[in-house]
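> Contents of target.cif (mmCIF, C-alpha atoms) are given next:
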```cif
data_work
loop_
_atom_site.label_atom_id
_atom_site.label_comp_id
_atom_site.auth_asym_id
_atom_site.auth_seq_id
_atom_site.Cartn_x
_atom_site.Cartn_y
_atom_site.Cartn_z
CA MET A 1 32.33 -0.58 -52.43
CA HIS A 2 29.04 -2.07 -51.32
CA SER A 3 30.66 -4.31 -48.73
CA THR A 4 32.42 -1.33 -47.13
CA ARG A 5 29.15 0.54 -46.61
CA GLY A 6 27.55 -2.56 -45.16
CA GLN A 7 30.46 -3.05 -42.77
CA ILE A 8 30.26 0.57 -41.58
CA SER A 9 26.52 0.32 -40.90
CA VAL A 10 26.99 -2.89 -38.90
CA GLU A 11 29.75 -1.23 -36.85
CA VAL A 12 27.55 1.82 -36.18
CA ILE A 13 24.68 -0.43 -35.06
CA ALA A 14 27.07 -2.38 -32.79
CA ILE A 15 28.41 0.85 -31.24
CA ILE A 16 24.87 2.15 -30.63
CA GLY A 17 23.94 -1.21 -29.08
CA PHE A 18 26.89 -1.08 -26.67
CA LEU A 19 26.02 2.50 -25.70
CA ILE A 20 22.45 1.47 -24.92
CA LEU A 21 23.70 -1.48 -22.84
CA PHE A 22 25.92 0.84 -20.81
CA MET A 23 23.14 3.41 -20.33
CA LEU A 24 20.52 0.96 -18.99
CA PRO A 25 22.10 0.60 -15.52
CA LEU A 26 22.56 4.37 -15.34
CA MET A 27 18.89 4.94 -16.17
CA TYR A 28 17.89 2.40 -13.51
CA LEU A 29 20.00 4.18 -10.88
CA LEU A 30 18.59 7.57 -11.83
CA LEU A 31 15.00 6.34 -11.61
CA THR A 32 15.49 4.69 -8.20
CA GLN A 33 17.24 7.79 -6.85
CA ALA A 34 14.40 10.00 -8.10
CA GLY A 35 11.87 7.80 -6.27
CA GLU A 36 13.85 8.00 -3.03
CA PHE A 37 14.15 11.77 -3.36
CA ASN A 38 10.39 12.15 -3.84
CA GLU A 39 9.74 10.00 -0.77
CA GLU A 40 12.19 12.00 1.37
CA ALA A 41 10.55 15.22 0.20
CA ALA A 42 7.12 13.86 1.19
CA VAL A 43 8.35 12.92 4.68
CA ALA A 44 9.92 16.37 5.08
CA SER A 45 6.67 18.03 4.01
CA VAL A 46 4.67 15.96 6.52
CA SER A 47 7.21 16.81 9.23
CA GLU A 48 6.84 20.51 8.46
CA SER A 49 3.03 20.24 8.58
CA SER A 50 3.16 18.40 11.89
CA VAL A 51 5.46 20.97 13.50
CA ARG A 52 3.38 23.82 12.12
CA LEU A 53 0.17 22.33 13.54
CA ALA A 54 1.77 21.82 16.98
CA THR A 55 3.15 25.37 16.95
CA VAL A 56 -0.27 26.82 16.13
CA ALA A 57 -1.82 24.69 18.91
CA ASP A 58 0.70 26.18 21.35
CA GLN A 59 -0.11 29.70 20.15
CA VAL A 60 -3.85 29.09 20.55
CA GLY A 61 -3.25 27.68 24.03
CA ARG A 62 -1.29 30.78 25.05
CA MET A 63 -4.05 33.07 23.75
CA GLY A 64 -6.56 31.42 26.09
CA PRO A 65 -10.09 30.02 25.91
CA GLY A 66 -12.19 31.22 23.00
CA SER A 67 -9.27 31.66 20.60
CA LYS A 68 -9.20 30.13 17.12
CA VAL A 69 -6.63 30.02 14.34
CA VAL A 70 -6.89 28.55 10.85
CA VAL A 71 -3.64 27.14 9.44
CA GLN A 72 -2.92 26.07 5.83
CA LEU A 73 -1.11 22.74 5.46
CA ASP A 74 0.30 21.08 2.32
CA ILE A 75 -0.22 17.33 2.62
CA PRO A 76 1.64 15.04 0.16
CA GLU A 77 0.55 11.62 -1.09
CA GLY A 78 0.98 8.68 1.28
CA VAL A 79 -0.54 10.03 4.51
CA GLU A 80 -2.75 7.31 5.98
CA SER A 81 -3.96 8.90 9.22
CA VAL A 82 -3.60 11.94 11.45
CA SER A 83 -4.28 12.03 15.17
CA ALA A 84 -4.09 14.52 18.03
CA SER A 85 -3.94 13.19 21.56
CA ASP A 86 -3.61 14.24 25.18
CA HIS A 87 -0.74 13.07 27.40
CA SER A 88 0.45 13.91 30.88
CA TYR A 89 3.18 16.15 29.39
CA GLY A 90 0.88 17.99 26.96
CA GLY A 91 -0.25 16.76 23.58
CA GLU A 92 1.08 15.24 20.41
CA ILE A 93 0.17 15.28 16.75
CA VAL A 94 0.95 12.11 14.81
CA PHE A 95 0.96 11.82 11.03
CA THR A 96 1.15 8.18 9.89
CA MET A 97 2.35 7.64 6.34
CA ARG A 98 3.35 4.74 4.13
CA THR A 99 6.87 4.75 2.69
CA SER A 100 8.98 2.15 0.92
CA ALA A 101 10.46 1.26 4.33
CA GLY A 102 6.97 0.61 5.75
CA ILE A 103 4.76 2.68 8.03
CA THR A 104 6.39 5.88 9.30
CA ASP A 105 5.08 8.06 12.13
CA VAL A 106 5.92 11.76 12.21
CA VAL A 107 5.29 13.13 15.71
CA SER A 108 5.26 16.71 17.01
CA MET A 109 4.76 17.70 20.63
CA SER A 110 2.59 20.46 22.03
CA ALA A 111 2.76 22.02 25.49
CA PHE A 112 -1.04 21.94 25.73
CA PRO A 113 -3.37 18.91 25.85
CA LEU A 114 -4.92 18.24 22.43
CA SER A 115 -8.04 16.50 21.16
CA GLU A 116 -9.10 15.57 17.66
CA GLY A 117 -11.84 17.65 16.18
CA PRO A 118 -14.52 15.80 14.21
CA ASN A 119 -12.93 16.49 10.81
CA LEU A 120 -9.22 15.83 11.36
CA GLN A 121 -9.13 12.74 9.12
CA PHE A 122 -9.70 14.83 6.00
CA LEU A 123 -5.92 15.40 6.10
CA ASN A 124 -5.50 11.85 4.70
CA SER A 125 -5.95 13.21 1.18
CA ALA A 126 -3.17 15.01 -0.67
CA GLY A 127 -3.44 18.73 -1.28
CA THR A 128 -3.64 22.03 0.56
CA HIS A 129 -6.00 21.96 3.52
CA SER A 130 -7.25 24.58 5.99
CA VAL A 131 -7.26 23.30 9.57
CA LEU A 132 -9.06 25.03 12.42
CA VAL A 133 -7.28 24.94 15.78
CA GLU A 134 -9.60 26.05 18.59
CA TYR A 135 -9.43 26.49 22.35
CA PRO A 136 -13.06 26.09 23.50
CA ILE A 137 -14.55 28.80 25.71
CA SER A 138 -15.43 26.13 28.25
CA GLY A 139 -11.72 25.25 28.54
CA GLY A 140 -10.39 21.72 28.28
CA ASN A 141 -8.25 20.41 25.48
CA ILE A 142 -7.38 22.33 22.34
CA LEU A 143 -9.35 20.95 19.38
CA VAL A 144 -7.38 20.29 16.20
CA GLY A 145 -9.27 19.86 12.95
CA ASN A 146 -12.69 21.23 13.79
#
```
Could I get this file's structure written as structure tokens?

Amino acid sequence: MHSTRGQISVEVIAIIGFLILFMLPLMYLLLTQAGEFNEEAAVASVSESSVRLATVADQVGRMGPGSKVVVQLDIPEGVESVSASDHSYGGEIVFTMRTSAGITDVVSMSAFPLSEGPNLQFLNSAGTHSVLVEYPISGGNILVGN
């Protein structure tokens, strides 16, 4: 009788051990997929913020000198820098972020020339931020991040 109970407990332990061995690769796959999903969500959030900022800059430009708009942006982890620049075709807003693939730039175009305000780099930190987009009364470029 005692040897039968011992044999059953060894078999149960062996079965549990095999189940754990089969589940380890599945757990690894699930964890790596979750990391990739989080990264893709962060890039999508930065892309949305970039487009939103460029859209607001265009709206401010259409309203004319002296106009101001404050926009709320949700910035995820991983953003290293934000810049607004002037080009011959208008302006662009560039969010630079670090991903597992390396440095990624998310760029949005504006129809109006842009300049960085003095406080644009505060967008490097994660969280919800209020950004002032202003078209100075004196004219010139639209200031992003005043």
> Just give me the gap between CA of Val70 (chain A) and CA of Glu134 (chain A) in Å, one decimal is fine.
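A separation of 8.6 Å between them.
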> For Asn38 (chain A), work out the shell of residues within 12 Å, counting all atoms listed in the file and skipping chain neighbours fewer than 5 positions away, then give it as a ChimeraX atom specification.
/A:31-33,43-45,76-78,99-100
> Report, in Å with one decimal, the straight-line distance from CA of Phe122 (chain A) to CA of Gly66 (chain A).
23.7 Å
> For Asp86 (chain A), which residue out of A:Ser49, A:Asn141, A:Asn119, A:Gln72 is the nearest one, using only C-alpha atoms?
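For Asp86 (chain A), the nearest of the given residues is A:Asn141.
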> Write out as a list in words which residues come within 6 Å of Glu116 (chain A) when counting all atoms listed in the file, dropping same-chain ones fewer than 6 positions away.
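Within the cut-off, the hits are Ala84, Leu143 and Val144 of chain A.
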> Quick one: which residues end up in the PyMOL selection byres ((chain A and resi 57) around 9) for this structure, as a PDB file with C-alpha atoms, in the frame of the given file?

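Heads up, here's the output in selection33.pdb:
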```pdb
ATOM      1  CA  ARG A  52       3.380  23.820  12.120  1.00  0.00           C
ATOM      2  CA  LEU A  53       0.170  22.330  13.540  1.00  0.00           C
ATOM      3  CA  ALA A  54       1.770  21.820  16.980  1.00  0.00           C
ATOM      4  CA  THR A  55       3.150  25.370  16.950  1.00  0.00           C
ATOM      5  CA  VAL A  56      -0.270  26.820  16.130  1.00  0.00           C
ATOM      6  CA  ASP A  58       0.700  26.180  21.350  1.00  0.00           C
ATOM      7  CA  GLN A  59      -0.110  29.700  20.150  1.00  0.00           C
ATOM      8  CA  VAL A  60      -3.850  29.090  20.550  1.00  0.00           C
ATOM      9  CA  GLY A  61      -3.250  27.680  24.030  1.00  0.00           C
ATOM     10  CA  ARG A  62      -1.290  30.780  25.050  1.00  0.00           C
ATOM     11  CA  VAL A  69      -6.630  30.020  14.340  1.00  0.00           C
ATOM     12  CA  SER A 110       2.590  20.460  22.030  1.00  0.00           C
ATOM     13  CA  ALA A 111       2.760  22.020  25.490  1.00  0.00           C
ATOM     14  CA  PHE A 112      -1.040  21.940  25.730  1.00  0.00           C
ATOM     15  CA  LEU A 114      -4.920  18.240  22.430  1.00  0.00           C
ATOM     16  CA  VAL A 133      -7.280  24.940  15.780  1.00  0.00           C
ATOM     17  CA  GLU A 134      -9.600  26.050  18.590  1.00  0.00           C
ATOM     18  CA  TYR A 135      -9.430  26.490  22.350  1.00  0.00           C
ATOM     19  CA  ILE A 142      -7.380  22.330  22.340  1.00  0.00           C
ATOM     20  CA  LEU A 143      -9.350  20.950  19.380  1.00  0.00           C
ATOM     21  CA  VAL A 144      -7.380  20.290  16.200  1.00  0.00           C
TER      22      VAL A 144
END
```
> Nearest residue to Ala101 (chain A) out of A:Glu39, A:Ser125, A:Gly17, A:Ser83, using only C-alpha atoms?
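Ranking A:Glu39, A:Ser125, A:Gly17, A:Ser83 by distance to Ala101 (chain A), first place goes to A:Glu39.
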> Please provide the set of residues having any atom within 9 Å of Val106 (chain A), restricted to all atoms listed in the file, with same-chain residues fewer than 6 positions apart removed, written as a PyMOL selection string.
chain A and resi 43+46-47+50+93-97
> Which is closer to Glu80 (chain A) than all the others in A:Leu29, A:Leu123, A:Met23, A:Ile137, using only C-alpha atoms?
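Nearest candidate to Glu80 (chain A) out of A:Leu29, A:Leu123, A:Met23, A:Ile137: A:Leu123.
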> Between CA of Val51 (chain A) and CA of Gly91 (chain A), what is the spacing in Å?
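Going from CA of Gly91 (chain A) over to CA of Val51 (chain A), I get 12.3 Å.
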> Nearest residue to Ile75 (chain A) out of A:Ser115, A:Asn124, A:Ser138, A:Ser88, using all atoms listed in the file?
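Residue with the minimum atom-to-atom distance to Ile75 (chain A): A:Asn124.
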> Please list, as a PyMOL selection string, the residues that have an atom at most 6 Å away from (-11.2, 24.0, 12.8) in the coordinates of this file, counting only C-alpha atoms.
chain A and resi 131-133+145-146
> Tell me which of A:His87, A:Tyr28, A:Ile15, A:Gly139 sits closest to Ser67 (chain A), counting all atoms listed in the file.
A:Gly139
> Pop region 8-104 of chain A out of the structure in the block and write C-alpha atoms as a PDB file, in the first residue's frame.

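Generated output (selection.pdb):
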```
ATOM      1  CA  ILE A   8       1.376   8.182  -7.389  1.00  0.00           C
ATOM      2  CA  SER A   9       3.025  11.199  -5.757  1.00  0.00           C
ATOM      3  CA  VAL A  10       6.142  10.804  -7.920  1.00  0.00           C
ATOM      4  CA  GLU A  11       3.962  10.595 -11.045  1.00  0.00           C
ATOM      5  CA  VAL A  12       2.026  13.728 -10.016  1.00  0.00           C
ATOM      6  CA  ILE A  13       5.291  15.609  -9.424  1.00  0.00           C
ATOM      7  CA  ALA A  14       6.600  14.450 -12.828  1.00  0.00           C
ATOM      8  CA  ILE A  15       3.400  15.576 -14.578  1.00  0.00           C
ATOM      9  CA  ILE A  16       3.535  18.991 -12.863  1.00  0.00           C
ATOM     10  CA  GLY A  17       7.208  19.297 -13.851  1.00  0.00           C
ATOM     11  CA  PHE A  18       6.433  18.590 -17.516  1.00  0.00           C
ATOM     12  CA  LEU A  19       3.585  21.122 -17.467  1.00  0.00           C
ATOM     13  CA  ILE A  20       5.920  23.781 -16.083  1.00  0.00           C
ATOM     14  CA  LEU A  21       8.523  22.961 -18.749  1.00  0.00           C
ATOM     15  CA  PHE A  22       5.927  23.385 -21.485  1.00  0.00           C
ATOM     16  CA  MET A  23       4.609  26.640 -20.003  1.00  0.00           C
ATOM     17  CA  LEU A  24       7.998  28.404 -19.746  1.00  0.00           C
ATOM     18  CA  PRO A  25       8.324  29.107 -23.496  1.00  0.00           C
ATOM     19  CA  LEU A  26       4.707  30.302 -23.583  1.00  0.00           C
ATOM     20  CA  MET A  27       5.344  32.694 -20.704  1.00  0.00           C
ATOM     21  CA  TYR A  28       8.461  34.006 -22.469  1.00  0.00           C
ATOM     22  CA  LEU A  29       6.488  34.645 -25.669  1.00  0.00           C
ATOM     23  CA  LEU A  30       3.709  36.397 -23.780  1.00  0.00           C
ATOM     24  CA  LEU A  31       6.138  38.673 -21.946  1.00  0.00           C
ATOM     25  CA  THR A  32       8.025  39.658 -25.119  1.00  0.00           C
ATOM     26  CA  GLN A  33       4.762  40.327 -26.965  1.00  0.00           C
ATOM     27  CA  ALA A  34       3.529  42.502 -24.090  1.00  0.00           C
ATOM     28  CA  GLY A  35       6.734  44.573 -24.262  1.00  0.00           C
ATOM     29  CA  GLU A  36       6.363  45.071 -28.015  1.00  0.00           C
ATOM     30  CA  PHE A  37       2.723  46.069 -27.591  1.00  0.00           C
ATOM     31  CA  ASN A  38       3.625  48.678 -24.954  1.00  0.00           C
ATOM     32  CA  GLU A  39       6.315  50.102 -27.225  1.00  0.00           C
ATOM     33  CA  GLU A  40       3.950  50.305 -30.215  1.00  0.00           C
ATOM     34  CA  ALA A  41       1.370  52.036 -28.023  1.00  0.00           C
ATOM     35  CA  ALA A  42       3.986  54.590 -26.915  1.00  0.00           C
ATOM     36  CA  VAL A  43       4.975  55.346 -30.530  1.00  0.00           C
ATOM     37  CA  ALA A  44       1.296  55.723 -31.469  1.00  0.00           C
ATOM     38  CA  SER A  45       0.742  58.102 -28.544  1.00  0.00           C
ATOM     39  CA  VAL A  46       3.751  60.217 -29.569  1.00  0.00           C
ATOM     40  CA  SER A  47       2.503  60.247 -33.161  1.00  0.00           C
ATOM     41  CA  GLU A  48      -0.909  61.470 -32.005  1.00  0.00           C
ATOM     42  CA  SER A  49       0.701  64.200 -29.874  1.00  0.00           C
ATOM     43  CA  SER A  50       2.877  65.324 -32.773  1.00  0.00           C
ATOM     44  CA  VAL A  51      -0.050  65.540 -35.199  1.00  0.00           C
ATOM     45  CA  ARG A  52      -2.165  67.330 -32.615  1.00  0.00           C
ATOM     46  CA  LEU A  53       0.560  69.916 -31.996  1.00  0.00           C
ATOM     47  CA  ALA A  54       1.012  70.540 -35.740  1.00  0.00           C
ATOM     48  CA  THR A  55      -2.759  70.853 -36.218  1.00  0.00           C
ATOM     49  CA  VAL A  56      -3.018  73.406 -33.417  1.00  0.00           C
ATOM     50  CA  ALA A  57      -0.072  75.339 -34.916  1.00  0.00           C
ATOM     51  CA  ASP A  58      -1.943  75.470 -38.233  1.00  0.00           C
ATOM     52  CA  GLN A  59      -5.105  76.691 -36.484  1.00  0.00           C
ATOM     53  CA  VAL A  60      -3.163  79.412 -34.655  1.00  0.00           C
ATOM     54  CA  GLY A  61      -1.521  80.445 -37.926  1.00  0.00           C
ATOM     55  CA  ARG A  62      -4.909  80.769 -39.627  1.00  0.00           C
ATOM     56  CA  MET A  63      -6.258  82.885 -36.754  1.00  0.00           C
ATOM     57  CA  GLY A  64      -3.484  85.441 -37.302  1.00  0.00           C
ATOM     58  CA  PRO A  65      -0.976  87.370 -35.195  1.00  0.00           C
ATOM     59  CA  GLY A  66      -1.804  87.679 -31.516  1.00  0.00           C
ATOM     60  CA  SER A  67      -3.618  84.342 -31.269  1.00  0.00           C
ATOM     61  CA  LYS A  68      -2.775  81.721 -28.653  1.00  0.00           C
ATOM     62  CA  VAL A  69      -4.013  78.205 -27.948  1.00  0.00           C
ATOM     63  CA  VAL A  70      -3.118  75.833 -25.124  1.00  0.00           C
ATOM     64  CA  VAL A  71      -3.187  72.134 -26.029  1.00  0.00           C
ATOM     65  CA  GLN A  72      -3.014  69.141 -23.651  1.00  0.00           C
ATOM     66  CA  LEU A  73      -0.636  66.354 -24.707  1.00  0.00           C
ATOM     67  CA  ASP A  74      -0.099  62.906 -23.169  1.00  0.00           C
ATOM     68  CA  ILE A  75       3.586  62.044 -23.431  1.00  0.00           C
ATOM     69  CA  PRO A  76       4.663  58.426 -22.753  1.00  0.00           C
ATOM     70  CA  GLU A  77       8.012  57.214 -21.408  1.00  0.00           C
ATOM     71  CA  GLY A  78      10.937  57.159 -23.820  1.00  0.00           C
ATOM     72  CA  VAL A  79      10.738  60.629 -25.404  1.00  0.00           C
ATOM     73  CA  GLU A  80      14.256  62.062 -25.515  1.00  0.00           C
ATOM     74  CA  SER A  81      13.727  65.392 -27.265  1.00  0.00           C
ATOM     75  CA  VAL A  82      11.149  67.558 -28.998  1.00  0.00           C
ATOM     76  CA  SER A  83      11.886  70.228 -31.580  1.00  0.00           C
ATOM     77  CA  ALA A  84       9.976  72.663 -33.766  1.00  0.00           C
ATOM     78  CA  SER A  85      11.703  74.088 -36.808  1.00  0.00           C
ATOM     79  CA  ASP A  86      11.185  76.320 -39.814  1.00  0.00           C
ATOM     80  CA  HIS A  87      11.612  75.075 -43.392  1.00  0.00           C
ATOM     81  CA  SER A  88      10.958  76.524 -46.816  1.00  0.00           C
ATOM     82  CA  TYR A  89       7.698  74.525 -47.031  1.00  0.00           C
ATOM     83  CA  GLY A  90       6.432  75.486 -43.561  1.00  0.00           C
ATOM     84  CA  GLY A  91       7.429  73.906 -40.297  1.00  0.00           C
ATOM     85  CA  GLU A  92       7.863  70.545 -38.665  1.00  0.00           C
ATOM     86  CA  ILE A  93       7.570  69.122 -35.182  1.00  0.00           C
ATOM     87  CA  VAL A  94       9.915  66.249 -34.362  1.00  0.00           C
ATOM     88  CA  PHE A  95       9.586  63.956 -31.358  1.00  0.00           C
ATOM     89  CA  THR A  96      12.694  61.796 -30.883  1.00  0.00           C
ATOM     90  CA  MET A  97      12.215  58.678 -28.785  1.00  0.00           C
ATOM     91  CA  ARG A  98      14.191  55.595 -27.849  1.00  0.00           C
ATOM     92  CA  THR A  99      12.718  52.209 -28.779  1.00  0.00           C
ATOM     93  CA  SER A 100      14.098  48.682 -28.824  1.00  0.00           C
ATOM     94  CA  ALA A 101      14.933  49.239 -32.510  1.00  0.00           C
ATOM     95  CA  GLY A 102      16.989  52.344 -31.651  1.00  0.00           C
ATOM     96  CA  ILE A 103      16.213  56.037 -31.997  1.00  0.00           C
ATOM     97  CA  THR A 104      12.879  56.784 -33.700  1.00  0.00           C
TER      98      THR A 104
END
```
